[in-house]
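Data file: structure01.txt. Format and content: compact mmCIF, C-alpha atoms and all ligand atoms.
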# COMPACT_ATOMS: atom_id res chain seq x y z
CA MET A 1 25.27 29.12 29.10
CA PRO A 2 21.69 27.96 28.73
CA SER A 3 19.92 27.64 32.04
CA PRO A 4 18.81 24.18 33.24
CA ALA A 5 15.27 25.35 32.60
CA THR A 6 16.16 25.82 28.94
CA HIS A 7 17.35 22.22 28.83
CA ALA A 8 14.28 20.94 30.61
CA ARG A 9 11.98 22.69 28.19
CA PRO A 10 12.35 20.96 24.83
CA ALA A 11 12.87 23.20 21.84
CA ALA A 12 9.56 23.94 20.19
CA ALA A 13 8.81 24.63 16.59
CA PRO A 14 8.69 28.32 15.75
CA ALA A 15 5.51 29.82 17.13
CA ARG A 16 2.92 30.49 14.45
CA SER A 17 0.32 33.15 14.71
CA GLY A 18 -3.36 32.44 15.11
CA ALA A 19 -2.80 28.92 16.42
CA ALA A 20 -5.32 27.44 18.82
CA PRO A 21 -4.01 24.83 21.27
CA SER A 22 -5.84 21.76 19.98
CA ARG A 23 -6.46 21.53 16.30
CA HIS A 24 -5.84 17.81 16.07
CA LEU A 25 -8.35 15.56 14.34
CA LEU A 26 -7.83 12.11 15.82
CA GLY A 27 -11.21 10.42 15.60
CA LEU A 28 -14.97 10.79 15.38
CA GLN A 29 -15.92 8.64 18.36
CA GLY A 30 -17.32 10.99 20.97
CA MET A 31 -17.42 13.98 18.62
CA PRO A 32 -20.65 15.90 19.26
CA ALA A 33 -23.18 16.34 16.45
CA SER A 34 -22.60 20.10 16.44
CA GLU A 35 -18.91 19.59 15.74
CA LEU A 36 -19.59 17.03 13.00
CA ARG A 37 -22.08 19.38 11.39
CA ARG A 38 -19.68 22.31 11.59
CA ARG A 39 -16.96 20.30 9.84
CA LEU A 40 -19.34 18.96 7.20
CA THR A 41 -20.74 22.41 6.52
CA ALA A 42 -17.21 23.80 6.06
CA ALA A 43 -16.34 20.98 3.65
CA TRP A 44 -19.55 21.47 1.70
CA LYS A 45 -18.84 25.18 1.40
CA LEU A 46 -15.36 24.44 0.05
CA GLN A 47 -16.77 21.88 -2.38
CA GLN A 48 -19.11 24.49 -3.80
CA LEU A 49 -16.29 27.00 -4.13
CA ALA A 50 -14.17 24.35 -5.87
CA GLU A 51 -17.00 23.58 -8.29
CA ARG A 52 -17.40 27.24 -9.15
CA ASP A 53 -13.69 27.65 -9.80
CA PRO A 54 -12.05 24.24 -10.24
CA HIS A 55 -8.59 25.69 -10.79
CA GLY A 56 -8.73 28.40 -8.18
CA LEU A 57 -6.48 28.18 -5.16
CA LEU A 58 -8.00 29.31 -1.89
CA ASP A 59 -5.36 30.89 0.23
CA VAL A 60 -6.62 30.18 3.75
CA ALA A 61 -3.44 28.20 4.45
CA ARG A 62 -0.99 30.17 2.35
CA GLY A 63 2.54 29.90 3.74
CA ARG A 64 1.63 26.88 5.86
CA ILE A 65 3.40 23.54 5.56
CA VAL A 66 1.71 20.15 5.86
CA ALA A 67 3.75 16.96 6.23
CA ASN A 68 2.27 13.66 5.08
CA ILE A 69 3.88 10.91 7.16
CA PHE A 70 2.44 7.54 6.15
CA PHE A 71 3.70 4.33 7.70
CA GLU A 72 1.17 2.17 5.86
CA ASP A 73 0.16 1.92 2.20
CA SER A 74 -2.31 4.44 0.84
CA THR A 75 -3.45 5.65 -2.54
CA ARG A 76 -6.54 7.80 -2.03
CA THR A 77 -5.97 9.22 1.43
CA ARG A 78 -2.41 10.36 0.93
CA THR A 79 -3.03 11.89 -2.49
CA SER A 80 -6.27 13.46 -1.35
CA PHE A 81 -4.56 15.20 1.58
CA ALA A 82 -1.76 16.41 -0.69
CA ILE A 83 -4.19 17.83 -3.24
CA ALA A 84 -6.34 19.35 -0.51
CA ALA A 85 -3.32 21.05 1.06
CA ARG A 86 -2.29 22.56 -2.27
CA ARG A 87 -5.80 23.72 -3.02
CA ILE A 88 -5.84 25.83 0.14
CA GLY A 89 -2.44 27.27 -0.63
CA ALA A 90 -0.27 25.14 1.70
CA GLU A 91 2.97 23.40 0.80
CA VAL A 92 3.21 19.62 1.23
CA VAL A 93 6.17 17.57 2.37
CA GLU A 94 5.92 13.82 1.76
CA LEU A 95 7.60 11.30 4.04
CA VAL A 96 7.17 7.61 3.29
CA GLY A 97 7.52 5.34 6.32
CA SER A 98 9.62 2.72 4.56
CA ALA A 99 12.02 5.41 3.33
CA SER A 100 12.27 7.16 6.69
CA SER A 101 14.43 6.49 9.74
CA VAL A 102 11.62 4.40 11.28
CA SER A 103 13.20 1.61 9.22
CA LYS A 104 16.40 2.31 11.22
CA GLY A 105 14.57 1.89 14.50
CA GLU A 106 13.46 5.45 15.20
CA THR A 107 10.10 5.60 16.90
CA LEU A 108 7.05 7.15 15.25
CA ILE A 109 7.06 9.82 17.90
CA ASP A 110 10.70 10.74 17.33
CA THR A 111 10.11 10.94 13.60
CA ALA A 112 7.09 13.17 14.09
CA ARG A 113 8.88 15.36 16.65
CA ASN A 114 11.75 15.90 14.26
CA VAL A 115 9.43 16.89 11.45
CA ALA A 116 7.49 19.18 13.82
CA ALA A 117 10.74 20.73 15.04
CA MET A 118 11.46 21.79 11.47
CA GLY A 119 8.41 24.01 11.69
CA VAL A 120 5.52 22.27 9.96
CA ASP A 121 2.00 23.38 10.85
CA ALA A 122 0.23 20.03 10.50
CA ILE A 123 1.23 16.39 10.27
CA VAL A 124 -1.10 13.94 8.56
CA THR A 125 -0.19 10.48 9.67
CA ARG A 126 -1.19 6.89 8.99
CA THR A 127 0.08 4.21 11.33
CA LYS A 128 -0.26 0.46 11.61
CA GLN A 129 -0.89 0.87 15.33
CA ALA A 130 -4.27 1.84 16.74
CA GLY A 131 -3.67 5.02 18.71
CA GLY A 132 -0.63 6.03 16.63
CA ALA A 133 -1.91 9.49 15.73
CA ALA A 134 -3.09 10.16 19.30
CA SER A 135 0.33 9.22 20.72
CA ILE A 136 2.05 11.53 18.27
CA ALA A 137 -0.37 14.36 19.10
CA ALA A 138 0.15 13.87 22.84
CA ALA A 139 3.92 13.94 22.43
CA LEU A 140 3.89 17.05 20.24
CA ASP A 141 1.68 18.84 22.76
CA ALA A 142 3.79 17.70 25.71
CA PHE A 143 6.97 18.95 24.09
CA GLY A 144 5.43 22.25 23.07
CA HIS A 145 5.42 21.80 19.32
CA ASN A 146 2.79 23.98 17.75
CA CYS A 147 1.77 21.40 15.20
CA ALA A 148 -1.63 19.83 14.58
CA VAL A 149 -1.99 16.10 13.97
CA VAL A 150 -4.57 14.69 11.58
CA ASN A 151 -5.23 10.96 11.73
CA GLY A 152 -5.12 9.45 8.25
CA GLY A 153 -5.94 6.00 9.66
CA ASP A 154 -4.56 4.25 12.76
CA GLY A 155 -4.69 0.46 12.64
CA ARG A 156 -8.25 -0.78 13.02
CA HIS A 157 -9.21 2.18 15.14
CA GLU A 158 -10.30 5.32 13.24
CA HIS A 159 -10.14 7.07 9.90
CA PRO A 160 -11.94 10.31 10.70
CA THR A 161 -11.69 12.10 7.35
CA GLN A 162 -13.09 8.99 5.66
CA GLY A 163 -16.01 8.99 8.10
CA LEU A 164 -16.65 12.67 7.35
CA LEU A 165 -16.46 12.26 3.59
CA ASP A 166 -18.79 9.28 3.72
CA ALA A 167 -21.30 11.26 5.76
CA LEU A 168 -21.00 14.15 3.30
CA ALA A 169 -21.49 11.89 0.25
CA LEU A 170 -24.49 10.22 1.84
CA ALA A 171 -26.00 13.55 2.88
CA GLU A 172 -25.57 14.92 -0.63
CA ALA A 173 -27.15 11.84 -2.22
CA HIS A 174 -30.19 12.20 0.04
CA GLY A 175 -30.52 16.00 -0.02
CA ARG A 176 -29.43 16.50 3.58
CA THR A 177 -26.64 19.04 3.15
CA ALA A 178 -28.66 21.79 4.82
CA GLY A 179 -28.05 20.86 8.43
CA PHE A 180 -26.66 17.35 7.93
CA ASP A 181 -29.46 15.67 9.81
CA LEU A 182 -29.38 12.02 8.72
CA SER A 183 -32.32 10.84 10.81
CA GLY A 184 -34.59 8.38 9.07
CA LEU A 185 -31.75 7.04 6.90
CA THR A 186 -30.43 3.50 7.22
CA VAL A 187 -26.88 2.64 6.19
CA ALA A 188 -25.69 -0.95 5.78
CA ILE A 189 -21.98 -1.45 6.40
CA VAL A 190 -21.21 -4.81 4.87
CA GLY A 191 -18.27 -7.12 5.40
CA ASP A 192 -15.19 -6.99 7.56
CA ALA A 193 -16.37 -4.28 9.93
CA VAL A 194 -14.44 -5.60 12.92
CA SER A 195 -11.10 -4.98 11.16
CA SER A 196 -12.15 -1.67 9.71
CA ARG A 197 -11.24 1.79 10.96
CA VAL A 198 -13.57 3.10 8.25
CA ALA A 199 -16.48 1.23 9.85
CA ARG A 200 -15.65 2.57 13.33
CA SER A 201 -15.44 6.18 12.18
CA ASN A 202 -18.61 5.77 10.13
CA ILE A 203 -20.59 4.19 12.93
CA ALA A 204 -19.65 7.10 15.18
CA ALA A 205 -20.47 9.83 12.65
CA LEU A 206 -23.58 8.34 11.09
CA THR A 207 -25.29 7.42 14.34
CA THR A 208 -24.46 10.77 15.95
CA LEU A 209 -26.03 12.49 12.95
CA GLY A 210 -29.16 10.41 13.41
CA ALA A 211 -28.81 7.53 10.94
CA ARG A 212 -29.33 3.89 11.80
CA VAL A 213 -26.48 1.51 10.92
CA LEU A 214 -26.80 -2.14 9.99
CA CYS A 215 -23.54 -4.11 10.35
CA VAL A 216 -23.86 -7.03 7.99
CA GLY A 217 -21.45 -9.94 7.75
CA PRO A 218 -20.43 -13.30 9.14
CA ALA A 219 -20.22 -13.26 12.94
CA HIS A 220 -16.42 -13.08 13.04
CA MET A 221 -16.45 -9.97 10.85
CA ALA A 222 -19.59 -8.33 12.21
CA PRO A 223 -19.78 -9.50 15.84
CA GLN A 224 -22.76 -8.72 18.04
CA SER A 225 -20.50 -6.52 20.20
CA MET A 226 -20.55 -3.87 17.46
CA GLU A 227 -24.03 -2.95 18.68
CA SER A 228 -22.43 -1.45 21.78
CA MET A 229 -20.52 1.11 19.70
CA ALA A 230 -23.48 3.49 19.64
CA PRO A 231 -26.52 4.27 21.81
CA ALA A 232 -29.01 1.39 22.06
CA GLY A 233 -30.82 0.66 18.82
CA ALA A 234 -28.57 2.79 16.60
CA VAL A 235 -26.51 -0.17 15.36
CA ARG A 236 -28.00 -3.52 14.48
CA VAL A 237 -25.82 -6.51 13.63
CA MET A 238 -27.36 -8.89 11.12
CA GLN A 239 -26.42 -11.74 8.82
CA ASP A 240 -29.15 -11.57 6.23
CA MET A 241 -27.77 -9.61 3.28
CA GLU A 242 -31.02 -9.67 1.29
CA GLU A 243 -32.90 -8.13 4.21
CA ALA A 244 -30.22 -5.46 4.69
CA VAL A 245 -30.22 -4.58 0.98
CA GLY A 246 -33.97 -4.04 1.13
CA LEU A 247 -33.72 -1.74 4.18
CA ALA A 248 -30.75 0.44 3.32
CA ASP A 249 -30.61 3.95 1.89
CA GLY A 250 -26.86 3.53 1.52
CA ILE A 251 -24.85 0.33 1.26
CA MET A 252 -21.22 0.70 2.20
CA MET A 253 -19.19 -2.27 1.06
CA LEU A 254 -15.91 -3.06 2.81
CA ARG A 255 -12.83 -4.84 1.55
CA ILE A 256 -11.86 -7.96 3.48
CA GLN A 257 -8.81 -6.74 5.40
CA PHE A 258 -6.69 -9.79 4.71
CA GLU A 259 -3.56 -8.06 6.01
CA ARG A 260 -5.18 -7.61 9.43
CA HIS A 261 -6.10 -11.27 9.77
CA GLY A 262 -2.55 -12.57 9.92
CA ASP A 263 -2.37 -14.38 6.60
CA GLY A 264 0.38 -12.00 5.53
CA SER A 265 -1.29 -11.17 2.27
CA ALA A 266 -1.87 -7.48 1.68
CA SER A 267 -4.30 -7.88 -1.16
CA GLY A 268 -6.01 -11.16 -0.35
CA PRO A 269 -6.56 -14.12 -2.59
CA ALA A 270 -7.16 -13.69 -6.27
CA PRO A 271 -10.80 -13.89 -7.34
CA GLY A 272 -11.73 -17.53 -7.67
CA ALA A 273 -9.05 -18.76 -5.26
CA GLU A 274 -10.69 -21.38 -3.12
CA ALA A 275 -7.98 -22.82 -0.87
CA PRO A 276 -8.25 -21.27 2.59
CA LYS A 277 -4.97 -20.20 4.18
CA LYS A 278 -4.16 -20.65 7.82
CA ASN A 279 -5.94 -17.86 9.72
CA ALA A 280 -7.73 -16.89 6.53
CA PRO A 281 -10.73 -14.67 7.28
CA ILE A 282 -13.02 -16.54 4.93
CA ALA A 283 -13.38 -20.19 3.98
CA SER A 284 -13.63 -19.39 0.30
CA VAL A 285 -14.32 -16.44 -1.93
CA ARG A 286 -17.30 -18.30 -3.43
CA GLU A 287 -18.87 -18.82 -0.01
CA TYR A 288 -18.24 -15.22 1.04
CA ARG A 289 -19.76 -13.90 -2.15
CA ALA A 290 -22.79 -16.12 -1.74
CA GLY A 291 -23.47 -14.59 1.66
CA TYR A 292 -22.30 -11.00 1.52
CA ALA A 293 -21.21 -9.65 -1.85
CA LEU A 294 -23.22 -6.87 -3.43
CA THR A 295 -23.81 -8.64 -6.71
CA ALA A 296 -25.68 -7.18 -9.65
CA GLU A 297 -28.59 -9.46 -8.78
CA ARG A 298 -28.73 -8.36 -5.15
CA ALA A 299 -28.39 -4.70 -6.13
CA ARG A 300 -31.70 -5.03 -7.99
CA GLY A 301 -33.35 -5.38 -4.57
CA MET A 302 -32.18 -1.94 -3.41
CA LYS A 303 -34.66 0.78 -2.45
CA PRO A 304 -35.33 3.65 -4.84
CA GLY A 305 -32.75 6.35 -4.26
CA ALA A 306 -30.41 4.05 -2.32
CA VAL A 307 -26.72 4.43 -3.12
CA VAL A 308 -23.67 2.16 -3.21
CA MET A 309 -20.53 3.28 -1.41
CA HIS A 310 -17.03 1.90 -0.91
CA PRO A 311 -14.02 3.57 0.76
CA GLY A 312 -11.63 1.86 -1.68
CA PRO A 313 -9.57 -0.02 -2.55
CA ILE A 314 -12.25 -2.22 -4.13
CA ASN A 315 -11.54 -5.87 -4.66
CA ARG A 316 -13.75 -6.06 -7.74
CA ASN A 317 -15.95 -9.11 -7.98
CA ILE A 318 -15.19 -10.16 -4.42
CA GLU A 319 -17.23 -7.87 -2.16
CA LEU A 320 -18.66 -5.77 -4.99
CA ASP A 321 -19.50 -6.66 -8.58
CA ALA A 322 -17.73 -4.46 -11.11
CA GLU A 323 -21.00 -3.54 -12.78
CA VAL A 324 -22.43 -2.32 -9.48
CA ALA A 325 -19.25 -0.42 -8.59
CA ASP A 326 -19.49 1.39 -11.91
CA GLY A 327 -23.28 1.45 -12.13
CA PRO A 328 -25.82 4.25 -11.72
CA ARG A 329 -26.28 3.80 -7.97
CA SER A 330 -22.59 4.00 -7.23
CA ILE A 331 -21.31 7.18 -5.58
CA VAL A 332 -17.82 5.75 -5.09
CA MET A 333 -16.08 8.36 -7.24
CA ARG A 334 -18.15 11.13 -5.67
CA GLN A 335 -16.86 9.96 -2.27
CA VAL A 336 -13.34 10.43 -3.60
CA THR A 337 -14.10 13.92 -4.92
CA LEU A 338 -15.77 15.00 -1.69
CA GLY A 339 -12.83 13.58 0.23
CA VAL A 340 -10.68 16.42 -1.07
CA ALA A 341 -13.19 18.99 0.22
CA VAL A 342 -13.29 17.32 3.64
CA ARG A 343 -9.49 17.38 3.80
CA MET A 344 -9.34 20.99 2.64
CA ALA A 345 -11.64 21.93 5.51
CA THR A 346 -9.70 19.76 7.96
CA LEU A 347 -6.33 21.17 6.98
CA ALA A 348 -7.67 24.72 6.86
CA GLU A 349 -8.74 24.30 10.45
CA SER A 350 -5.64 22.44 11.58
CA SER A 351 -2.99 24.42 9.80
CA GLY A 352 -4.54 27.69 8.80
CA GLY A 353 -7.21 30.18 9.55
CA GLY A 354 -10.27 27.93 9.23
CA VAL A 355 -13.13 28.10 6.81
CA GLU A 356 -15.64 30.24 8.69
CA ALA A 357 -13.92 33.48 7.72
CA MET A 358 -14.02 32.70 4.03
CA PRO A 359 -16.37 34.43 1.57
C1 LIG A 401 -9.34 2.26 3.72
C2 LIG A 401 -8.25 2.30 4.75
O1 LIG A 401 -7.06 2.31 4.43
O2 LIG A 401 -8.61 2.37 5.89
N1 LIG A 401 -9.07 2.92 2.56
C3 LIG A 401 -9.09 4.29 2.52
O3 LIG A 401 -8.40 4.97 3.25
N2 LIG A 401 -9.93 4.86 1.66
C4 LIG A 401 -10.01 0.97 3.60
C5 LIG A 401 -9.23 -0.26 3.23
O4 LIG A 401 -8.02 -0.31 3.27
O5 LIG A 401 -9.91 -1.24 2.93

Mind turning the file's structure into C-alpha cells?
Amino acid sequence: MPSPATHARPAAAPARSGAAPSRHLLGLQGMPASELRRRLTAAWKLQQLAERDPHGLLDVARGRIVANIFFEDSTRTRTSFAIAARRIGAEVVELVGSASSVSKGETLIDTARNVAAMGVDAIVTRTKQAGGAASIAAALDAFGHNCAVVNGGDGRHEHPTQGLLDALALAEAHGRTAGFDLSGLTVAIVGDAVSSRVARSNIAALTTLGARVLCVGPAHMAPQSMESMAPAGAVRVMQDMEEAVGLADGIMMLRIQFERHGDGSASGPAPGAEAPKKNAPIASVREYRAGYALTAERARGMKPGAVVMHPGPINRNIELDAEVADGPRSIVMRQVTLGVAVRMATLAESSGGGVEAMP
C-alpha cells in the first residue's frame, strides 16, 4: 500500500541529471543587465558556430525532449523553437492548443502537468492569457516536475525570446556584440505598443542594456503611462513620427493587434478598408498610415546606419511599406535568423547543459 505521504506528494517526472531548480524563462522585466548579456553572449556564440557549420548539430541537449504547447497562433516563434531544439540535438513534441484537451475543458495547467509527467525537459508555451507561462511554471515547480518553462508569448505581457533576439539583431547592426552595451542608441517602437508583449519585453531589455526607447503612436496605442515601464528618462512617449524617425538608430514597427482590441478580427482590415468597426483600434487605415506608417518617403529621413525592424507578422503597406520591409535598411529576416540562435541558447540552458561549457 502506498503511504499517505506518497499520495500527498504528486508523482514527478523522472529526475534528470544536471538540472538546476529554476531554468524557466518567463520574461525580461526585472532581468539584470548581467543576465541579459550572458544570454545574448551565449546566443551570439551559437550563431557563430551555426554560421561556421550550418548543417552541424550541436549536442548540448542530446537526449532531451522539448514540448511546444501553443494555445495561440504562431508561425515564426513555434517553428523557430522547433528548429532550435533540433539544432542542439533535442527531440521536439508538438501540441496544438486547438487539437488538445484544452478544447474539452482541461486547464492549461493540467495539460502542461500531463506533458511534464511524461518526462519532457522543457515546455515552450504560448497562451492567450497574460501570466499563462508563469502559472504553468509555478504549478510544475509546486508539483515537483523537473521541467523548465519557456514563455513563447503570454497575452499582452511578455515575449522574452523576441526581446532577446531583437536586442541581438540591433547589437549586431551597430557593432555592439562585444559586451552588448547599447548605451547611446535610440530605438523607436512604433504603433500598438500597449497591446504588444513584444514591446514590453523590448522596453525591458533595451533600456536595461542602456538604450533609450521612443514609444511612438496615437495616445490609445502609446499611452503616456508607458514611460513608467523603465527608469526615468529611458522611455519617451511621443506622437511625432517624423521626429522619431530622425532620432532613431533602430525603428521597430508593430502590427496593429486587431485581435486584442475586441473587433474579433485576427488579421485586421484589408489594406484600403476605411469603414471603422465597433471597438476598432483605428479610425481608418489611411489615417493611421498618415500618422504612423514607416513609408518609403519617411524612411528617407532615417539616420545613417539606422535599421528597420519588425517582429512579424507584417501587415504590408499598413504599418510598413513593402519596399521598406524588403529594402536595404531592413534587418527583419536577420531578426528571424538570430531568433533561432537565441532559442538554441535558451533551450540549451533550460533543457540541457548550457552553452558555457561548449567549445
Ligand atoms: C508577435 C507575437 O505573436 O507576439 N509575433 C512574433 O512572435 N514574432 C507579434 C504580433 O503578433 O504582432

Residues up to 6 Å from ligand LIG 401 (chain A), counting only C-alpha atoms and all ligand atoms: could you list those as number ranges by chain? A: 76-77, 153, 197-198, 255, 311-313

Best match for closeness to A:Asp154 among A:Val187, A:Ala112, A:Leu26, A:Glu91, counting only C-alpha atoms: A:Leu26

As an MDAnalysis selection string, please: the residues near A:Ser196 (cut-off 7 Å, only C-alpha atoms, same-chain neighbours under 4 positions excluded). chainID A and resid 156 192 200

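A straight line drawn from atom CA of A:Ala211 to atom CA of A:Val235 is 9.2 Å long.
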
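Comparing A:Ala178, A:Leu36, A:Ala116, A:Met31 by their smallest distance to A:Asn68, the closest is A:Ala116 (using only C-alpha atoms).
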
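Using all atoms listed in the file, every residue with an atom at most 9 Å from the point (-2.2, -2.1, 10.1) is listed here: Glu72, Thr127, Lys128, Gln129, Ala130, Gly153, Asp154, Gly155, Arg156, Glu259 and Arg260 of chain A.
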
Pick out the closest residue to A:Leu170 from this set: A:Glu287, A:Asp73, A:Asp249, A:Glu349. Count all atoms listed in the file. A:Asp249

Which residue, A:Ile83, A:Ala122, A:Leu164, A:Met344, has the smallest gap to A:Leu206 when you use only C-alpha atoms?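 Closest candidate: A:Leu164.
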
Can you work out the spacing between atom CA of A:Leu95 and atom CA of A:Ser195 in Å, to one decimal? 25.8 Å

Shortest interatomic distance to A:Leu185 - which of A:Leu209, A:Leu25, A:Val96, A:Val324, counting all atoms listed in the file: A:Leu209

Report, in Å with one decimal, the straight-line distance from atom CA of A:Ala325 to atom CA of A:Gly163. 19.4 Å

Taking 4 positions as the minimum chain separation for residues in the same chain, which residues sit within 10 Å of A:Gly301 when counting all atoms listed in the file? Answer as a PyMOL selection string. chain A and resi 242-247+296-297

Give as a count of residues only every residue, naming chains and numbers as the document does, that has an atom within 6 Å of (-22.9, 3.7, 3.1), counting all atoms listed in the file. 5

Cut-off 8 Å: closest stretch 41-126 of chain A/stretch 147-151 of chain A atom pairs per residue, using only C-alpha atoms, as a tab-separated table:
residue	atom	partner	partner_atom	distance
A:Ala116	CA	A:Cys147	CA	6.3
A:Gly119	CA	A:Cys147	CA	8.0
A:Val120	CA	A:Cys147	CA	6.5
A:Asp121	CA	A:Cys147	CA	4.8
A:Ala122	CA	A:Ala148	CA	4.5
A:Ile123	CA	A:Val149	CA	4.9
A:Val124	CA	A:Val150	CA	4.7
A:Thr125	CA	A:Asn151	CA	5.5
A:Arg126	CA	A:Asn151	CA	6.4

So which one's closest to A:Ser351, A:Leu214, A:Ala43, A:Val308, A:Val92? Using only C-alpha atoms, please.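 Smallest distance to A:Ser351 is found for A:Val92.
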
Can you list, as a list in words, every protein, DNA or RNA residue that comes within 8 Å of A:Leu294 when you count only C-alpha atoms, leaving out same-chain residues fewer than 6 positions away? Met253, Glu319, Leu320, Asp321 and Val324 of chain A

Near A:Leu108, counting all atoms listed in the file, which residues have an atom at most 9 Å away, once you skip same-chain residues fewer than 4 positions from it, shown as an NGL selection string? :A and (71 or 102 or 112-113 or 127 or 132 or 135-136)
